[in-house]
Amino acid sequence: MTRQASHQGLTWFQDARFGMFIHWGLYSIIAKQEWVMHTDRIPVPEYEKLVPQFNPTRFDADAWVRTAAEAGQKYIIVTSRHHDGFSMYDTALSDYKVTNTPFRRDPLRELAEACVRHGIKLGFYVSLLDWHYPAYRFRAESGLAWDDYLGFLHGQVRELCTQYGEVAAVWFDGDWPRSALDPDRAYFLPGGSFEYEKLYAMIHELQPDAVIENNRHAEPIPGEDLQGFEQDLPGENTTGFNETTIYGLPIQVCMTINDHWGWSKDDRNTKSVRRLVHLLAKSASVGGNLLLNVGPTPEGEIPALHQDRLRAVGRWLAQNGDAIYYTRAGVIPPTRECVSTRRNDHHFVHVLDYVSDCVVLAAVPDNVRHARLVASGRALEVDRAGSNFFVSADQDRTTIYVPPDLRDAYDTVIELF
């Protein structure tokens with residue numbers, strides 16, 4: 001039987017519900033997002049000229065992790081190597097790495113140490129493709145075999161799993177089929193199998209609690225622990241979705257805080273606090289985590305506006321976190337205004353919009369008799385008309401009155417029990 005993450009690790013991950021994604025690398029210097037090497041067709045020799053320019057003097061791992069903690073995020077997943085092939089840690093397997101820049105430090109080690117101090121778990125993003133490594137990008141010219149790249153990829157994952165303490169997650173990216181985006185396919189096509197069975201077995205052996213996500217499969221394969229969604233919220237564009245309909249795996253929803261993953265100086269389309277809270281509530285309502293991305297600047301700072309938005313979400317969670325953390329997908333059907341989460345026999349209704357002074361729900365479990373606001377504990381009036389003598393769908397409804405002055409600006413959470 002193919003090995004999976006431990007029950008303890010998978011349970012912790014589902015309980016956490018909210019994490020920070022970080023895309024940071026040489027591309028941050030150009031400030032046109034993480035795919036700029038491809039989109040601007042920058043040749044390898046030209047792109048390599050960024051190495052002596054990388055010196056993020058304002059990088060402070062403790063500040064990054066504090067921001068995540070203040071946002072209510074329980075884990076961080078950071079890019080160890082993106083598609084440009086530049087390693088953001090002190091790998092022994094390549095000279096194309098952050099410790100060979102003027103910066104000289106290993107930011108992932110500093111992040112690992114800061115995460116321990118603040119009680120935040122750390123995971124790693126790993127690109128399966130590499131636009132720089134000769135055995136991947138220039139196989140014909142280099143004369144190198146696919147096994148050379150495979151050894152490099154597996155070796156880097158081993159380094160990450162053995163040199164940075166406890167690892168919460170490994171997030172793989174880059175396993176896609178032939179793409180029309182690149183006619184010569186040099187940027188996309190691997191030379192052979194990534195040997196996932198061996199790769200995943202190694203991770204589960206070295207880090208039994210680490211969950212594995214590969215975000216580029218049409219469907220998961222044995223050894224993967226999560227089903228990922230990128231810039232897509234399950235349930236928003238489909239009907240009848242719940243946590244068991246996607247291959248029986250827990251869900252992680254990855255979203256950008258603006259429009260890009262890596263730093264893009266011209267991207268001012270930052271999501272509102274209300275939208276971010278709604279993404280978090282909707283993700284949890286279908287049994288999913290929200291992995292919300294930030295793209296630090298070349299100086300090493302998370303943009304101030306993004307920090308402000310994250311901390312505002314954290315303030316909402318400080319009052320309403322019981323309805324997010326340790327919850328599972330809701331059983332009360334969503335409406336145009338509401339979604340729900342649950343913890344055992346307690347149900348949390350997230351009121352995201354208002355059409356009247358009352359919240360009207362269907363199919364509320366029969367044992368529910370009381371309602372109260374999560375933020376204040378204040379009792380609310382609840383009318384279970386029709387719930388004990390079901391005749392038609394119209395009669396099976398529960399009505400809760402929410403005084404206007406008690407409504408939250410982002411998400412009013414009602415606990416039913």
# chains A, B, ... in the order shown; residues from 1 in each chain; ligands from 1
>>> closest_atom_pairs(of="segment 116-147 of chain A", to="segment 197-208 of chain A", cutoff="12 Å", atoms="only C-alpha atoms", output="CSV")
residue,atom,partner,partner_atom,distance
A:Gly123,CA,A:Gln207,CA,10.9
A:Phe124,CA,A:Ile203,CA,11.8
A:Leu128,CA,A:Leu199,CA,11.4
>>> write_last_selection(atoms="N, CA and C atoms", output="PDB file, in the first residue's frame")
ATOM      1  N   GLY A 123       6.541  24.711   5.570  1.00  0.00           N
ATOM      2  CA  GLY A 123       6.542  23.771   4.451  1.00  0.00           C
ATOM      3  C   GLY A 123       7.259  24.391   3.271  1.00  0.00           C
ATOM      4  N   PHE A 124       7.504  23.579   2.245  1.00  0.00           N
ATOM      5  CA  PHE A 124       8.293  24.032   1.106  1.00  0.00           C
ATOM      6  C   PHE A 124       7.567  23.799  -0.216  1.00  0.00           C
ATOM      7  N   LEU A 128       8.976  21.232 -10.031  1.00  0.00           N
ATOM      8  CA  LEU A 128       9.395  20.004 -10.695  1.00  0.00           C
ATOM      9  C   LEU A 128      10.182  20.285 -11.968  1.00  0.00           C
TER      10      LEU A 128
END
>>> residues_around(residues="Phe59 of chain A", least_positions_apart="3", cutoff="6 Å", atoms="only C-alpha atoms", output="ChimeraX atom specification")
/A:56,300-301
>>> select_by_dssp(residues="segment 207-370 of chain A", states="strand (DSSP E)", output="PyMOL selection string")
chain A and resi 211-214+227-230+251-256+288-294+328-329+338-343+346-351+358-362
>>> closest_residue(among="A:Leu108, A:Leu153, A:Ile251, A:Ala371", to="Tyr196 of chain A", atoms="only C-alpha atoms")
A:Leu153
>>> residues_around(residues="Asp173 of chain A", least_positions_apart="6", cutoff="9 Å", atoms="only C-alpha atoms", output="ChimeraX atom specification")
/A:82-83,125-129,213-216
>>> select_by_dssp(residues="segment 185-417 of chain A", states="helix (DSSP H, G or I)", output="VMD selection string")
chain A and resid 196 to 206 273 to 285 304 to 323 404 to 406
>>> atom_distance(atom1="atom CA of Gln252 of chain A", atom2="atom CA of Leu310 of chain A")
18.4 Å
>>> closest_residue(among="A:Ile76, A:Leu150, A:Val294, A:Asn55", to="Ala135 of chain A", atoms="only C-alpha atoms")
A:Leu150
>>> closest_residue(among="A:His306, A:Ala281, A:Val286, A:Tyr136", to="Asn258 of chain A", atoms="only C-alpha atoms")
A:His306
>>> residues_around(residues="Lys97 of chain A", least_positions_apart="3", cutoff="9 Å", atoms="only C-alpha atoms", output="MDAnalysis selection string")
chainID A and resid 51 85:91 94 100:101
>>> write_last_selection(atoms="N, CA and C atoms", output="mmCIF file, in the first residue's frame")
data_model
loop_
_atom_site.group_PDB
_atom_site.id
_atom_site.type_symbol
_atom_site.label_atom_id
_atom_site.label_comp_id
_atom_site.auth_asym_id
_atom_site.auth_seq_id
_atom_site.Cartn_x
_atom_site.Cartn_y
_atom_site.Cartn_z
ATOM 1 N N VAL A 51 21.882 37.441 -10.259
ATOM 2 C CA VAL A 51 22.477 36.856 -9.054
ATOM 3 C C VAL A 51 23.295 37.879 -8.257
ATOM 4 N N GLY A 85 14.783 28.023 -11.568
ATOM 5 C CA GLY A 85 15.883 27.141 -11.190
ATOM 6 C C GLY A 85 16.797 27.670 -10.111
ATOM 7 N N PHE A 86 16.504 28.856 -9.579
ATOM 8 C CA PHE A 86 17.381 29.452 -8.571
ATOM 9 C C PHE A 86 16.968 28.976 -7.186
ATOM 10 N N SER A 87 17.875 28.351 -6.471
ATOM 11 C CA SER A 87 17.569 27.794 -5.150
ATOM 12 C C SER A 87 17.656 28.877 -4.092
ATOM 13 N N MET A 88 16.596 28.993 -3.298
ATOM 14 C CA MET A 88 16.520 30.023 -2.262
ATOM 15 C C MET A 88 16.989 29.492 -0.906
ATOM 16 N N TYR A 89 17.884 28.519 -0.943
ATOM 17 C CA TYR A 89 18.484 28.002 0.288
ATOM 18 C C TYR A 89 19.883 27.505 -0.052
ATOM 19 N N ASP A 90 20.623 27.115 0.959
ATOM 20 C CA ASP A 90 22.021 26.732 0.771
ATOM 21 C C ASP A 90 22.130 25.262 0.366
ATOM 22 N N THR A 91 21.690 24.951 -0.850
ATOM 23 C CA THR A 91 21.777 23.589 -1.352
ATOM 24 C C THR A 91 23.224 23.224 -1.652
ATOM 25 N N SER A 94 23.914 22.593 -6.088
ATOM 26 C CA SER A 94 23.996 23.589 -7.151
ATOM 27 C C SER A 94 24.706 24.827 -6.624
ATOM 28 N N ASN A 100 25.188 32.277 -2.769
ATOM 29 C CA ASN A 100 26.229 32.774 -3.677
ATOM 30 C C ASN A 100 25.897 34.163 -4.214
ATOM 31 N N THR A 101 24.956 34.842 -3.578
ATOM 32 C CA THR A 101 24.635 36.236 -3.903
ATOM 33 C C THR A 101 25.306 37.136 -2.864
#
>>> closest_residue(among="A:Gly262, A:Gly25, A:Gly314, A:Gly151", to="Glu70 of chain A", atoms="only C-alpha atoms")
A:Gly314
>>> residues_around(residues="Leu249 of chain A", least_positions_apart="5", cutoff="10 Å", atoms="only C-alpha atoms", output="VMD selection string")
chain A and resid 220 224 to 228 243 to 244 287 to 288
>>> write_last_selection(atoms="N, CA and C atoms", output="PDB file, in the first residue's frame")
ATOM      1  N   PRO A 220      -5.365  13.388  -8.265  1.00  0.00           N
ATOM      2  CA  PRO A 220      -4.212  12.977  -7.464  1.00  0.00           C
ATOM      3  C   PRO A 220      -3.792  11.553  -7.759  1.00  0.00           C
ATOM      4  N   GLU A 224      -0.095  11.136  -2.601  1.00  0.00           N
ATOM      5  CA  GLU A 224      -0.452  12.537  -2.378  1.00  0.00           C
ATOM      6  C   GLU A 224      -1.564  12.620  -1.339  1.00  0.00           C
ATOM      7  N   ASP A 225      -1.484  13.641  -0.499  1.00  0.00           N
ATOM      8  CA  ASP A 225      -2.379  13.754   0.643  1.00  0.00           C
ATOM      9  C   ASP A 225      -3.465  14.800   0.471  1.00  0.00           C
ATOM     10  N   LEU A 226      -3.296  15.719  -0.485  1.00  0.00           N
ATOM     11  CA  LEU A 226      -4.213  16.833  -0.659  1.00  0.00           C
ATOM     12  C   LEU A 226      -4.609  16.978  -2.105  1.00  0.00           C
ATOM     13  N   GLN A 227      -5.765  17.572  -2.327  1.00  0.00           N
ATOM     14  CA  GLN A 227      -6.182  18.004  -3.653  1.00  0.00           C
ATOM     15  C   GLN A 227      -6.145  19.528  -3.677  1.00  0.00           C
ATOM     16  N   GLY A 228      -5.370  20.094  -4.596  1.00  0.00           N
ATOM     17  CA  GLY A 228      -5.192  21.531  -4.624  1.00  0.00           C
ATOM     18  C   GLY A 228      -6.061  22.236  -5.647  1.00  0.00           C
ATOM     19  N   GLU A 243     -16.580  18.005   0.732  1.00  0.00           N
ATOM     20  CA  GLU A 243     -15.202  17.582   0.892  1.00  0.00           C
ATOM     21  C   GLU A 243     -14.952  16.151   0.427  1.00  0.00           C
ATOM     22  N   THR A 244     -15.980  15.366   0.163  1.00  0.00           N
ATOM     23  CA  THR A 244     -15.761  13.980  -0.246  1.00  0.00           C
ATOM     24  C   THR A 244     -15.885  13.793  -1.754  1.00  0.00           C
ATOM     25  N   GLY A 287     -14.581  22.156   3.557  1.00  0.00           N
ATOM     26  CA  GLY A 287     -13.553  21.273   4.102  1.00  0.00           C
ATOM     27  C   GLY A 287     -12.169  21.600   3.619  1.00  0.00           C
ATOM     28  N   GLY A 288     -11.905  22.858   3.258  1.00  0.00           N
ATOM     29  CA  GLY A 288     -10.619  23.216   2.677  1.00  0.00           C
ATOM     30  C   GLY A 288      -9.848  24.231   3.495  1.00  0.00           C
TER      31      GLY A 288
END
>>> closest_atom_pairs(of="segment 6-108 of chain A", to="segment 322-342 of chain A", cutoff="9 Å", atoms="only C-alpha atoms", output="tab-separated table")
residue	atom	partner	partner_atom	distance
A:Thr11	CA	A:Tyr326	CA	8.9
A:Trp12	CA	A:Tyr326	CA	8.5
A:Gln14	CA	A:Tyr326	CA	7.0
A:Asp15	CA	A:Tyr326	CA	4.0
A:Ala16	CA	A:Tyr325	CA	5.7
A:Arg17	CA	A:Tyr325	CA	5.9
A:Phe18	CA	A:Tyr325	CA	8.1
>>> write_last_selection(atoms="N, CA and C atoms", output="mmCIF file, in the first residue's frame")
data_model
loop_
_atom_site.group_PDB
_atom_site.id
_atom_site.type_symbol
_atom_site.label_atom_id
_atom_site.label_comp_id
_atom_site.auth_asym_id
_atom_site.auth_seq_id
_atom_site.Cartn_x
_atom_site.Cartn_y
_atom_site.Cartn_z
ATOM 1 N N THR A 11 -4.442 15.415 10.299
ATOM 2 C CA THR A 11 -5.427 16.043 11.177
ATOM 3 C C THR A 11 -4.999 17.458 11.530
ATOM 4 N N TRP A 12 -3.707 17.628 11.871
ATOM 5 C CA TRP A 12 -3.235 18.973 12.184
ATOM 6 C C TRP A 12 -3.463 19.912 11.006
ATOM 7 N N GLN A 14 -5.670 19.789 8.575
ATOM 8 C CA GLN A 14 -7.077 20.145 8.405
ATOM 9 C C GLN A 14 -7.570 21.069 9.522
ATOM 10 N N ASP A 15 -7.041 20.901 10.711
ATOM 11 C CA ASP A 15 -7.432 21.780 11.822
ATOM 12 C C ASP A 15 -6.912 23.201 11.619
ATOM 13 N N ALA A 16 -5.768 23.344 10.945
ATOM 14 C CA ALA A 16 -5.102 24.648 10.827
ATOM 15 C C ALA A 16 -5.887 25.634 9.976
ATOM 16 N N ARG A 17 -6.397 25.180 8.861
ATOM 17 C CA ARG A 17 -7.308 25.915 7.975
ATOM 18 C C ARG A 17 -6.753 27.159 7.276
ATOM 19 N N PHE A 18 -5.656 27.757 7.728
ATOM 20 C CA PHE A 18 -5.219 29.021 7.127
ATOM 21 C C PHE A 18 -3.696 29.069 7.141
#
>>> atom_distance(atom1="atom CA of Arg66 of chain A", atom2="atom CA of Lys282 of chain A")
25.1 Å
>>> closest_residue(among="A:Ile42, A:Ile257, A:Leu290, A:Leu280", to="Phe229 of chain A", atoms="only C-alpha atoms")
A:Leu290
>>> residues_around(residues="Gly377 of chain A", least_positions_apart="5", cutoff="10 Å", atoms="only C-alpha atoms", output="PyMOL selection string")
chain A and resi 371-372+414-415
>>> write_last_selection(atoms="N, CA and C atoms", output="PDB file, in the first residue's frame")
ATOM      1  N   ALA A 371     -29.062  29.484  19.373  1.00  0.00           N
ATOM      2  CA  ALA A 371     -28.184  30.239  18.488  1.00  0.00           C
ATOM      3  C   ALA A 371     -27.526  31.361  19.279  1.00  0.00           C
ATOM      4  N   ARG A 372     -26.261  31.630  18.948  1.00  0.00           N
ATOM      5  CA  ARG A 372     -25.553  32.740  19.585  1.00  0.00           C
ATOM      6  C   ARG A 372     -24.472  33.243  18.654  1.00  0.00           C
ATOM      7  N   ILE A 414     -22.720  32.845  13.375  1.00  0.00           N
ATOM      8  CA  ILE A 414     -23.711  32.354  14.327  1.00  0.00           C
ATOM      9  C   ILE A 414     -23.417  30.911  14.643  1.00  0.00           C
ATOM     10  N   GLU A 415     -23.347  30.597  15.922  1.00  0.00           N
ATOM     11  CA  GLU A 415     -23.147  29.206  16.353  1.00  0.00           C
ATOM     12  C   GLU A 415     -24.506  28.603  16.672  1.00  0.00           C
TER      13      GLU A 415
END
